[in-house]
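Visitor: My structure file protein_24.cif, mmCIF, C-alpha atoms, is below:
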```cif
data_final
#
loop_
_atom_site.group_PDB
_atom_site.id
_atom_site.type_symbol
_atom_site.label_atom_id
_atom_site.label_comp_id
_atom_site.auth_asym_id
_atom_site.auth_seq_id
_atom_site.Cartn_x
_atom_site.Cartn_y
_atom_site.Cartn_z
ATOM 1 C CA MET A 1 -20.580 -3.299 -50.373
ATOM 2 C CA LYS A 2 -21.984 -0.111 -48.900
ATOM 3 C CA GLN A 3 -24.421 -2.155 -46.796
ATOM 4 C CA ALA A 4 -21.654 -4.460 -45.616
ATOM 5 C CA GLY A 5 -19.600 -1.421 -44.584
ATOM 6 C CA THR A 6 -22.552 0.044 -42.703
ATOM 7 C CA LEU A 7 -23.135 -3.280 -40.961
ATOM 8 C CA ALA A 8 -19.494 -3.469 -39.929
ATOM 9 C CA ALA A 9 -19.665 0.071 -38.534
ATOM 10 C CA CYS A 10 -22.829 -0.823 -36.611
ATOM 11 C CA VAL A 11 -21.219 -3.918 -35.144
ATOM 12 C CA LEU A 12 -18.235 -1.886 -33.980
ATOM 13 C CA LEU A 13 -20.484 0.805 -32.493
ATOM 14 C CA THR A 14 -22.558 -1.848 -30.738
ATOM 15 C CA ILE A 15 -19.450 -3.502 -29.287
ATOM 16 C CA ALA A 16 -18.213 -0.097 -28.103
ATOM 17 C CA ALA A 17 -21.632 0.674 -26.569
ATOM 18 C CA ILE A 18 -21.771 -2.666 -24.746
ATOM 19 C CA ALA A 19 -18.274 -2.204 -23.408
ATOM 20 C CA GLY A 20 -19.152 1.375 -22.507
ATOM 21 C CA THR A 21 -15.583 2.340 -23.271
ATOM 22 C CA PRO A 22 -15.205 4.799 -26.098
ATOM 23 C CA THR A 23 -11.760 5.895 -24.839
ATOM 24 C CA ALA A 24 -8.289 4.572 -25.371
ATOM 25 C CA SER A 25 -8.471 2.811 -22.032
ATOM 26 C CA ALA A 26 -10.847 0.337 -23.640
ATOM 27 C CA GLN A 27 -7.700 -1.394 -24.839
ATOM 28 C CA MET A 28 -6.652 -2.301 -21.294
ATOM 29 C CA ASP A 29 -7.327 -5.792 -20.055
ATOM 30 C CA PRO A 30 -10.077 -5.659 -17.373
ATOM 31 C CA GLU A 31 -7.929 -7.651 -14.928
ATOM 32 C CA ARG A 32 -5.069 -5.242 -15.435
ATOM 33 C CA ALA A 33 -7.410 -2.313 -14.812
ATOM 34 C CA GLU A 34 -8.607 -3.914 -11.590
ATOM 35 C CA ARG A 35 -5.032 -4.523 -10.457
ATOM 36 C CA ALA A 36 -4.185 -0.906 -11.241
ATOM 37 C CA ALA A 37 -7.116 0.321 -9.146
ATOM 38 C CA GLU A 38 -6.158 -1.982 -6.277
ATOM 39 C CA THR A 39 -2.555 -0.834 -6.432
ATOM 40 C CA ARG A 40 -3.335 2.869 -6.252
ATOM 41 C CA GLN A 41 -5.850 2.237 -3.461
ATOM 42 C CA ALA A 42 -3.193 0.261 -1.586
ATOM 43 C CA LEU A 43 -0.652 3.043 -1.997
ATOM 44 C CA LEU A 44 -3.107 5.639 -0.682
ATOM 45 C CA ARG A 45 -3.999 3.383 2.223
ATOM 46 C CA VAL A 46 -0.340 3.090 3.205
ATOM 47 C CA MET A 47 -0.067 6.884 2.940
ATOM 48 C CA VAL A 48 -3.114 7.396 5.179
ATOM 49 C CA TRP A 49 -1.701 4.902 7.669
ATOM 50 C CA ASN A 50 1.443 6.993 7.930
ATOM 51 C CA PHE A 51 -0.226 10.383 7.816
ATOM 52 C CA GLY A 52 -3.064 9.642 10.263
ATOM 53 C CA PRO A 53 -0.988 9.761 13.461
ATOM 54 C CA LEU A 54 0.736 12.963 12.319
ATOM 55 C CA ALA A 55 -2.623 14.659 11.679
ATOM 56 C CA ALA A 56 -3.772 13.512 15.130
ATOM 57 C CA MET A 57 -0.612 15.008 16.694
ATOM 58 C CA ALA A 58 -1.041 18.283 14.821
ATOM 59 C CA ARG A 59 -4.598 18.481 16.201
ATOM 60 C CA ASP A 60 -3.477 17.657 19.754
ATOM 61 C CA ARG A 61 -5.533 14.475 19.716
ATOM 62 C CA ILE A 62 -2.548 12.304 20.601
ATOM 63 C CA GLU A 63 0.768 13.133 22.221
ATOM 64 C CA PHE A 64 3.333 14.743 19.949
ATOM 65 C CA ASP A 65 6.165 12.354 19.091
ATOM 66 C CA ALA A 66 8.933 14.039 17.100
ATOM 67 C CA GLU A 67 10.652 10.725 16.358
ATOM 68 C CA ARG A 68 7.451 9.295 14.869
ATOM 69 C CA VAL A 69 6.981 12.461 12.803
ATOM 70 C CA ALA A 70 10.486 12.093 11.366
ATOM 71 C CA ILE A 71 9.988 8.410 10.524
ATOM 72 C CA ASN A 72 6.571 8.847 8.926
ATOM 73 C CA ALA A 73 7.625 12.011 7.079
ATOM 74 C CA GLY A 74 10.411 10.056 5.384
ATOM 75 C CA ARG A 75 7.967 7.312 4.487
ATOM 76 C CA LEU A 76 5.430 9.778 3.099
ATOM 77 C CA ALA A 77 8.097 11.421 0.949
ATOM 78 C CA ALA A 78 9.000 8.006 -0.486
ATOM 79 C CA LEU A 79 5.348 7.051 -1.015
ATOM 80 C CA SER A 80 4.467 10.380 -2.632
ATOM 81 C CA LYS A 81 7.037 9.684 -5.346
ATOM 82 C CA MET A 82 5.092 6.523 -6.266
ATOM 83 C CA LEU A 83 1.800 8.343 -6.936
ATOM 84 C CA SER A 84 2.563 9.228 -10.515
ATOM 85 C CA ASP A 85 3.355 5.629 -11.474
ATOM 86 C CA ALA A 86 0.395 4.319 -9.490
ATOM 87 C CA PHE A 87 -2.034 6.489 -11.460
ATOM 88 C CA ALA A 88 -0.339 6.010 -14.829
ATOM 89 C CA ALA A 89 -2.782 3.311 -15.918
ATOM 90 C CA ASP A 90 -5.790 5.037 -17.469
ATOM 91 C CA THR A 91 -8.680 2.909 -16.213
ATOM 92 C CA ARG A 92 -11.495 5.083 -17.616
ATOM 93 C CA GLY A 93 -14.431 3.098 -18.895
ATOM 94 C CA HIS A 94 -13.734 0.039 -16.770
ATOM 95 C CA ASP A 95 -16.251 -1.244 -14.253
ATOM 96 C CA LEU A 96 -14.237 -0.738 -11.079
ATOM 97 C CA THR A 97 -14.841 -0.022 -7.421
ATOM 98 C CA THR A 98 -12.951 3.244 -7.391
ATOM 99 C CA GLU A 99 -13.159 6.810 -6.136
ATOM 100 C CA ALA A 100 -10.756 7.992 -8.843
ATOM 101 C CA LEU A 101 -12.488 10.428 -11.193
ATOM 102 C CA ASP A 102 -11.977 10.345 -14.965
ATOM 103 C CA VAL A 103 -10.641 13.894 -14.781
ATOM 104 C CA ILE A 104 -7.337 12.388 -13.550
ATOM 105 C CA TRP A 105 -6.677 11.232 -17.109
ATOM 106 C CA GLU A 106 -8.601 14.033 -18.804
ATOM 107 C CA ARG A 107 -6.431 16.726 -17.192
ATOM 108 C CA PRO A 108 -3.114 14.964 -16.613
ATOM 109 C CA ASP A 109 -1.135 18.192 -16.164
ATOM 110 C CA ALA A 110 -3.445 19.430 -13.414
ATOM 111 C CA PHE A 111 -3.222 16.047 -11.693
ATOM 112 C CA ALA A 112 0.576 15.992 -12.002
ATOM 113 C CA GLU A 113 0.637 19.420 -10.379
ATOM 114 C CA LYS A 114 -1.274 18.061 -7.362
ATOM 115 C CA ILE A 115 1.219 15.220 -7.042
ATOM 116 C CA ARG A 116 4.103 17.661 -7.297
ATOM 117 C CA ALA A 117 2.587 19.743 -4.465
ATOM 118 C CA ASN A 118 2.269 16.606 -2.332
ATOM 119 C CA MET A 119 5.881 15.601 -2.984
ATOM 120 C CA GLU A 120 7.125 19.074 -2.100
ATOM 121 C CA ALA A 121 5.033 19.247 1.082
ATOM 122 C CA SER A 122 6.346 15.800 2.104
ATOM 123 C CA GLU A 123 9.923 16.954 1.636
ATOM 124 C CA ALA A 124 9.138 20.132 3.587
ATOM 125 C CA LEU A 125 7.869 17.963 6.447
ATOM 126 C CA VAL A 126 11.057 15.889 6.335
ATOM 127 C CA ALA A 127 13.037 19.145 6.592
ATOM 128 C CA ALA A 128 10.837 20.421 9.436
ATOM 129 C CA ALA A 129 11.266 17.135 11.315
ATOM 130 C CA ALA A 130 15.038 17.493 10.965
ATOM 131 C CA THR A 131 14.903 20.825 12.822
ATOM 132 C CA GLY A 132 13.198 19.192 15.806
ATOM 133 C CA ASP A 133 10.916 22.233 16.122
ATOM 134 C CA GLU A 134 7.417 21.120 17.084
ATOM 135 C CA GLY A 135 5.727 24.237 15.704
ATOM 136 C CA ALA A 136 7.457 23.874 12.356
ATOM 137 C CA MET A 137 6.478 20.194 12.209
ATOM 138 C CA THR A 138 2.860 20.955 13.078
ATOM 139 C CA ARG A 139 2.645 23.595 10.356
ATOM 140 C CA ALA A 140 4.287 21.284 7.819
ATOM 141 C CA ILE A 141 1.859 18.482 8.718
ATOM 142 C CA GLY A 142 -1.033 20.872 8.100
ATOM 143 C CA GLU A 143 0.403 21.949 4.770
ATOM 144 C CA LEU A 144 0.933 18.368 3.690
ATOM 145 C CA GLY A 145 -2.649 17.554 4.672
ATOM 146 C CA SER A 146 -3.849 20.477 2.557
ATOM 147 C CA THR A 147 -2.186 19.038 -0.536
ATOM 148 C CA CYS A 148 -4.025 15.741 0.056
ATOM 149 C CA GLY A 149 -7.350 17.545 0.464
ATOM 150 C CA SER A 150 -6.766 19.784 -2.528
ATOM 151 C CA CYS A 151 -6.242 16.773 -4.794
ATOM 152 C CA HIS A 152 -9.225 14.901 -3.344
ATOM 153 C CA ASP A 153 -11.449 17.958 -3.963
ATOM 154 C CA ASP A 154 -10.820 17.839 -7.697
ATOM 155 C CA PHE A 155 -9.900 14.272 -8.516
ATOM 156 C CA ARG A 156 -11.726 12.007 -6.074
ATOM 157 C CA VAL A 157 -15.406 11.144 -5.690
ATOM 158 C CA ASP A 158 -16.957 13.290 -2.932
ATOM 159 C CA ASP A 159 -17.398 11.399 0.329
ATOM 160 C CA MET B 160 -20.788 -16.703 46.988
ATOM 161 C CA LYS B 161 -18.917 -19.681 45.625
ATOM 162 C CA GLN B 162 -21.766 -20.417 43.216
ATOM 163 C CA ALA B 163 -21.895 -16.781 42.117
ATOM 164 C CA GLY B 164 -18.146 -16.889 41.480
ATOM 165 C CA THR B 165 -18.498 -20.093 39.471
ATOM 166 C CA LEU B 166 -21.325 -18.572 37.466
ATOM 167 C CA ALA B 167 -19.261 -15.463 36.723
ATOM 168 C CA ALA B 168 -16.361 -17.645 35.583
ATOM 169 C CA CYS B 169 -18.716 -19.643 33.363
ATOM 170 C CA VAL B 170 -20.092 -16.455 31.813
ATOM 171 C CA LEU B 171 -16.593 -15.206 31.070
ATOM 172 C CA LEU B 172 -15.567 -18.558 29.591
ATOM 173 C CA THR B 173 -18.713 -18.604 27.466
ATOM 174 C CA ILE B 174 -18.053 -15.082 26.202
ATOM 175 C CA ALA B 175 -14.464 -16.061 25.411
ATOM 176 C CA ALA B 176 -15.664 -19.206 23.616
ATOM 177 C CA ILE B 177 -18.213 -17.289 21.547
ATOM 178 C CA ALA B 178 -15.659 -14.656 20.625
ATOM 179 C CA GLY B 179 -13.155 -17.422 19.898
ATOM 180 C CA THR B 180 -10.428 -15.180 21.202
ATOM 181 C CA PRO B 181 -8.593 -16.584 24.184
ATOM 182 C CA THR B 182 -5.526 -14.410 23.499
ATOM 183 C CA ALA B 183 -4.570 -10.883 24.400
ATOM 184 C CA SER B 184 -5.661 -9.733 20.966
ATOM 185 C CA ALA B 185 -9.252 -10.195 22.097
ATOM 186 C CA GLN B 186 -8.856 -6.738 23.609
ATOM 187 C CA MET B 187 -8.490 -5.116 20.199
ATOM 188 C CA ASP B 188 -11.472 -3.399 18.676
ATOM 189 C CA PRO B 189 -12.704 -5.447 15.679
ATOM 190 C CA GLU B 190 -12.676 -2.403 13.403
ATOM 191 C CA ARG B 191 -9.101 -1.653 14.386
ATOM 192 C CA ALA B 192 -8.143 -5.262 13.666
ATOM 193 C CA GLU B 193 -9.733 -5.030 10.231
ATOM 194 C CA ARG B 194 -7.909 -1.779 9.496
ATOM 195 C CA ALA B 195 -4.646 -3.382 10.603
ATOM 196 C CA ALA B 196 -5.186 -6.308 8.231
ATOM 197 C CA GLU B 197 -6.081 -3.979 5.376
ATOM 198 C CA THR B 198 -3.005 -1.858 6.035
ATOM 199 C CA ARG B 199 -0.554 -4.744 5.975
ATOM 200 C CA GLN B 200 -2.220 -6.168 2.862
ATOM 201 C CA ALA B 201 -1.937 -2.745 1.218
ATOM 202 C CA LEU B 202 1.738 -2.497 2.109
ATOM 203 C CA LEU B 203 2.456 -5.931 0.663
ATOM 204 C CA ARG B 204 0.489 -5.084 -2.471
ATOM 205 C CA VAL B 205 2.612 -1.971 -2.999
ATOM 206 C CA MET B 206 5.715 -4.106 -2.474
ATOM 207 C CA VAL B 207 4.543 -6.684 -5.036
ATOM 208 C CA TRP B 208 3.747 -3.879 -7.488
ATOM 209 C CA ASN B 209 7.331 -2.691 -7.235
ATOM 210 C CA PHE B 210 8.968 -6.104 -7.131
ATOM 211 C CA GLY B 211 6.963 -7.717 -9.937
ATOM 212 C CA PRO B 212 8.719 -5.968 -12.844
ATOM 213 C CA LEU B 213 12.131 -6.665 -11.318
ATOM 214 C CA ALA B 214 11.355 -10.369 -10.988
ATOM 215 C CA ALA B 215 10.178 -10.353 -14.611
ATOM 216 C CA MET B 216 13.467 -8.710 -15.690
ATOM 217 C CA ALA B 217 15.542 -11.174 -13.698
ATOM 218 C CA ARG B 218 13.715 -14.013 -15.497
ATOM 219 C CA ASP B 219 14.168 -12.398 -18.920
ATOM 220 C CA ARG B 220 10.423 -12.050 -19.332
ATOM 221 C CA ILE B 221 10.633 -8.323 -19.947
ATOM 222 C CA GLU B 222 13.491 -6.140 -21.103
ATOM 223 C CA PHE B 223 16.037 -5.253 -18.441
ATOM 224 C CA ASP B 224 15.776 -1.604 -17.388
ATOM 225 C CA ALA B 225 18.533 -0.594 -14.971
ATOM 226 C CA GLU B 226 16.873 2.749 -14.211
ATOM 227 C CA ARG B 227 13.638 1.034 -13.225
ATOM 228 C CA VAL B 228 15.585 -1.412 -11.045
ATOM 229 C CA ALA B 229 17.244 1.478 -9.210
ATOM 230 C CA ILE B 230 13.941 3.294 -8.659
ATOM 231 C CA ASN B 231 12.029 0.246 -7.478
ATOM 232 C CA ALA B 232 14.923 -0.969 -5.328
ATOM 233 C CA GLY B 233 14.869 2.310 -3.422
ATOM 234 C CA ARG B 234 11.117 2.013 -2.993
ATOM 235 C CA LEU B 235 11.347 -1.577 -1.794
ATOM 236 C CA ALA B 236 13.986 -0.612 0.764
ATOM 237 C CA ALA B 237 11.671 2.105 2.105
ATOM 238 C CA LEU B 238 8.654 -0.208 2.115
ATOM 239 C CA SER B 239 10.532 -3.024 3.806
ATOM 240 C CA LYS B 240 11.203 -0.760 6.773
ATOM 241 C CA MET B 241 7.434 -0.391 7.260
ATOM 242 C CA LEU B 242 6.789 -4.140 7.611
ATOM 243 C CA SER B 243 7.505 -4.304 11.312
ATOM 244 C CA ASP B 244 5.031 -1.518 12.144
ATOM 245 C CA ALA B 245 2.465 -2.908 9.738
ATOM 246 C CA PHE B 246 2.456 -6.273 11.524
ATOM 247 C CA ALA B 247 2.693 -4.849 15.052
ATOM 248 C CA ALA B 248 -1.049 -5.170 15.662
ATOM 249 C CA ASP B 249 -1.710 -8.691 16.913
ATOM 250 C CA THR B 250 -4.982 -9.566 15.183
ATOM 251 C CA ARG B 251 -5.151 -13.194 16.348
ATOM 252 C CA GLY B 252 -8.643 -14.352 17.147
ATOM 253 C CA HIS B 253 -10.372 -11.782 14.935
ATOM 254 C CA ASP B 254 -12.619 -12.814 12.068
ATOM 255 C CA LEU B 255 -10.595 -11.370 9.198
ATOM 256 C CA THR B 256 -9.952 -12.066 5.548
ATOM 257 C CA THR B 257 -6.240 -12.605 5.956
ATOM 258 C CA GLU B 258 -3.400 -14.872 4.889
ATOM 259 C CA ALA B 259 -1.355 -13.886 7.936
ATOM 260 C CA LEU B 260 -0.764 -16.901 10.186
ATOM 261 C CA ASP B 261 -0.984 -16.658 13.987
ATOM 262 C CA VAL B 262 2.636 -17.787 14.182
ATOM 263 C CA ILE B 263 3.596 -14.195 13.277
ATOM 264 C CA TRP B 264 2.670 -13.173 16.825
ATOM 265 C CA GLU B 265 3.488 -16.518 18.417
ATOM 266 C CA ARG B 266 7.112 -16.382 17.243
ATOM 267 C CA PRO B 267 7.821 -12.646 16.973
ATOM 268 C CA ASP B 268 11.601 -13.067 16.980
ATOM 269 C CA ALA B 269 11.510 -15.480 14.041
ATOM 270 C CA PHE B 270 9.203 -13.117 12.157
ATOM 271 C CA ALA B 271 11.427 -10.118 12.930
ATOM 272 C CA GLU B 272 14.352 -12.081 11.530
ATOM 273 C CA LYS B 273 12.499 -12.567 8.227
ATOM 274 C CA ILE B 274 11.825 -8.841 8.053
ATOM 275 C CA ARG B 275 15.474 -8.096 8.809
ATOM 276 C CA ALA B 276 16.530 -10.393 5.951
ATOM 277 C CA ASN B 277 14.134 -8.581 3.606
ATOM 278 C CA MET B 278 15.450 -5.160 4.629
ATOM 279 C CA GLU B 279 19.050 -6.286 4.110
ATOM 280 C CA ALA B 280 18.300 -7.831 0.720
ATOM 281 C CA SER B 281 16.518 -4.624 -0.337
ATOM 282 C CA GLU B 282 19.535 -2.549 0.635
ATOM 283 C CA ALA B 283 21.788 -5.000 -1.197
ATOM 284 C CA LEU B 284 19.670 -4.495 -4.319
ATOM 285 C CA VAL B 285 19.970 -0.723 -3.941
ATOM 286 C CA ALA B 286 23.748 -1.166 -3.760
ATOM 287 C CA ALA B 287 23.761 -3.507 -6.760
ATOM 288 C CA ALA B 288 21.693 -1.023 -8.769
ATOM 289 C CA ALA B 289 24.213 1.698 -7.940
ATOM 290 C CA THR B 290 26.979 -0.352 -9.588
ATOM 291 C CA GLY B 291 25.013 -0.505 -12.857
ATOM 292 C CA ASP B 292 26.064 -4.147 -13.272
ATOM 293 C CA GLU B 293 23.176 -6.145 -14.729
ATOM 294 C CA GLY B 294 24.425 -9.468 -13.381
ATOM 295 C CA ALA B 295 24.781 -8.089 -9.878
ATOM 296 C CA MET B 296 21.283 -6.617 -10.059
ATOM 297 C CA THR B 297 19.790 -9.859 -11.331
ATOM 298 C CA ARG B 298 21.393 -11.829 -8.489
ATOM 299 C CA ALA B 299 20.272 -9.260 -5.913
ATOM 300 C CA ILE B 300 16.710 -9.382 -7.287
ATOM 301 C CA GLY B 301 16.756 -13.171 -6.879
ATOM 302 C CA GLU B 302 18.067 -12.897 -3.343
ATOM 303 C CA LEU B 303 15.430 -10.338 -2.413
ATOM 304 C CA GLY B 304 12.742 -12.603 -3.873
ATOM 305 C CA SER B 305 14.057 -15.462 -1.760
ATOM 306 C CA THR B 306 13.549 -13.463 1.426
ATOM 307 C CA CYS B 307 9.922 -12.838 0.405
ATOM 308 C CA GLY B 308 9.372 -16.536 -0.300
ATOM 309 C CA SER B 309 11.106 -17.638 2.880
ATOM 310 C CA CYS B 310 8.787 -15.512 5.000
ATOM 311 C CA HIS B 311 5.688 -16.611 3.078
ATOM 312 C CA ASP B 312 6.662 -20.275 3.596
ATOM 313 C CA ASP B 313 6.503 -19.926 7.368
ATOM 314 C CA PHE B 314 4.149 -17.069 8.080
ATOM 315 C CA ARG B 315 1.553 -16.956 5.307
ATOM 316 C CA VAL B 316 -1.303 -19.294 4.416
ATOM 317 C CA ASP B 317 -0.224 -21.652 1.627
ATOM 318 C CA ASP B 318 -1.581 -20.666 -1.780
#
```
Show the structure stored in the file as structure tokens.
Guide:
Amino acid sequence: MKQAGTLAACVLLTIAAIAGTPTASAQMDPERAERAAETRQALLRVMVWNFGPLAAMARDRIEFDAERVAINAGRLAALSKMLSDAFAADTRGHDLTTEALDVIWERPDAFAEKIRANMEASEALVAAAATGDEGAMTRAIGELGSTCGSCHDDFRVDD
Amino acid sequence: MKQAGTLAACVLLTIAAIAGTPTASAQMDPERAERAAETRQALLRVMVWNFGPLAAMARDRIEFDAERVAINAGRLAALSKMLSDAFAADTRGHDLTTEALDVIWERPDAFAEKIRANMEASEALVAAAATGDEGAMTRAIGELGSTCGSCHDDFRVDD
């Protein structure tokens, strides 16, 4: 009986080793993990699409357009609120094409704090856009960009 | 001179034939066209991510969650307003992995009408969610889904 128990333990360890997934996320269906990765990548792509022109305006690379700032600021505030849900699926241990680091799920409070900073900076940009003051908008764009960069520094694969 | 002119015309026609892009979109940088396709696909993926659970609730496949309906309805309304910008780049004639049909840019008014219907149905779902009435939400989810399907029928490659 002892041998049978040892064999069973070995089989389980071997399965775990092959799967390479000693964490809880091993329970997630691989297709679901892939969908989760694609979803969060899609969300970030839509965010970049909306933030890109604002960053270019703040850096004087394209003409400042206060109306566009107001529109995209509102979008970014809405998108920022989706980040938490988009990263809820713990995909650690899955074989994915992803820049998301495991530390996202290892230090969930620190990651949540980065999201909170992004949401607040988005709302601050919405408020700045409502004033119509170009300087205030430019500063708020910079501050929003900093929250993106700060999260990428800790939670995303280095470029 | 006439021969030189004919030769020049032939060269231009040959270039156009090789590029396979007789339309105005031939002017767009291929990388920009690819980014545009990726952006609209990302936007639609984020929309599907938010609509999927609501469709499942409306079909009794998962438990009805009025709070989730309200959250996702608000998101879908915000996302719907991005569709027009996301499809603004006319990528006809580019070699892209895309399900977007050329008719999107051939019949822009008809396409804009589909987007308008989607925006209105999203707002109607937001309103239904605010009432807290499950039946009203379920109907509004169905109506929103119909606007998605109606657009896909005409403007997306058949599955």
Visitor: When the PyMOL selection byres ((chain A and resi 42-52) around 10) is applied to the structure above, which residues does it catch, written out as an MDAnalysis selection string?
Guide: (chainID A and resid 36:41 53:58 68:69 71:80 82:83 86 141 144:145 148) or (chainID B and resid 194:195 197:206 208 238 241 245)
Visitor: So how far away is atom CA of B:Pro189 from atom CA of B:His253, in Å?
Guide: 6.8 Å
Visitor: Would you pick out the contacts of A:Met28 at 8 Å or less, using only C-alpha atoms, so that residues sharing its chain but fewer than 4 positions from it are not included, and give the list as a list of chain:residue names?
Guide: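 Answer for this query is A:Arg32, A:Ala33, A:Thr91.
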Visitor: Taking the file as shown, find all residues satisfying the PyMOL selection byres ((chain A and resi 137) around 10) and write them as a list in words.
Guide: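 On this input, the PyMOL selection byres ((chain A and resi 137) around 10) captures Leu54, Met57, Ala58, Phe64, Ala66, Val69, Ala70, Ala73, Ala124, Leu125, Val126, Ala127, Ala128, Ala129, Ala130, Thr131, Gly132, Asp133, Glu134, Gly135, Ala136, Thr138, Arg139, Ala140, Ile141, Gly142 and Glu143 of chain A.
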Visitor: Which residues come within 8 Å of A:Ala117, counting only C-alpha atoms, excluding same-chain residues fewer than 4 positions away, as a list in words?
Guide: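 Once the adjacent positions are removed, what remains is Glu113, Ala121 and Thr147 of chain A.
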Visitor: Would you mind telling me which residue in B:Asp244, B:Ile263, B:Asp224, B:Arg218 lies nearest to chain A when using all atoms listed in the file?
Guide: B:Asp244
Visitor: Which residue gives the smallest distance to A:Asp158 among A:Glu34, A:Asp29, A:Glu123, A:Glu99, with only C-alpha atoms counted?
Guide: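 Looking only at the distances to A:Asp158, the closest residue turns out to be A:Glu99.
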Visitor: What does the distance between atom CA of A:Phe155 and atom CA of A:Glu120 come to in Å, to one decimal place?
Guide: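 Answer for the atom CA of A:Phe155 to atom CA of A:Glu120 separation: 18.8 Å.
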Visitor: Which residues are near stretch 108-112 of chain A? Cut-off 10 Å, all atoms listed in the file, ignore same chain within fewer than 5 positions. Put them as a list in words.
Guide: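 Counting only the stated atoms, we get Leu83, Ser84, Phe87, Ala88, Val103, Ala117, Asn118, Cys151, Asp154 and Phe155 of chain A.
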Visitor: Quick check, in Å to one decimal: how far apart do atom CA of A:Lys81 and atom CA of A:Ile115 lie?
Guide: 8.2 Å
Visitor: Which protein, DNA or RNA residues are at most 12 Å from (-3.9, -16.9, 1.4) in the file's coordinates when you count only C-alpha atoms, listed as a PyMOL selection string?
Guide: chain B and resi 200+255-260+311-312+314-318
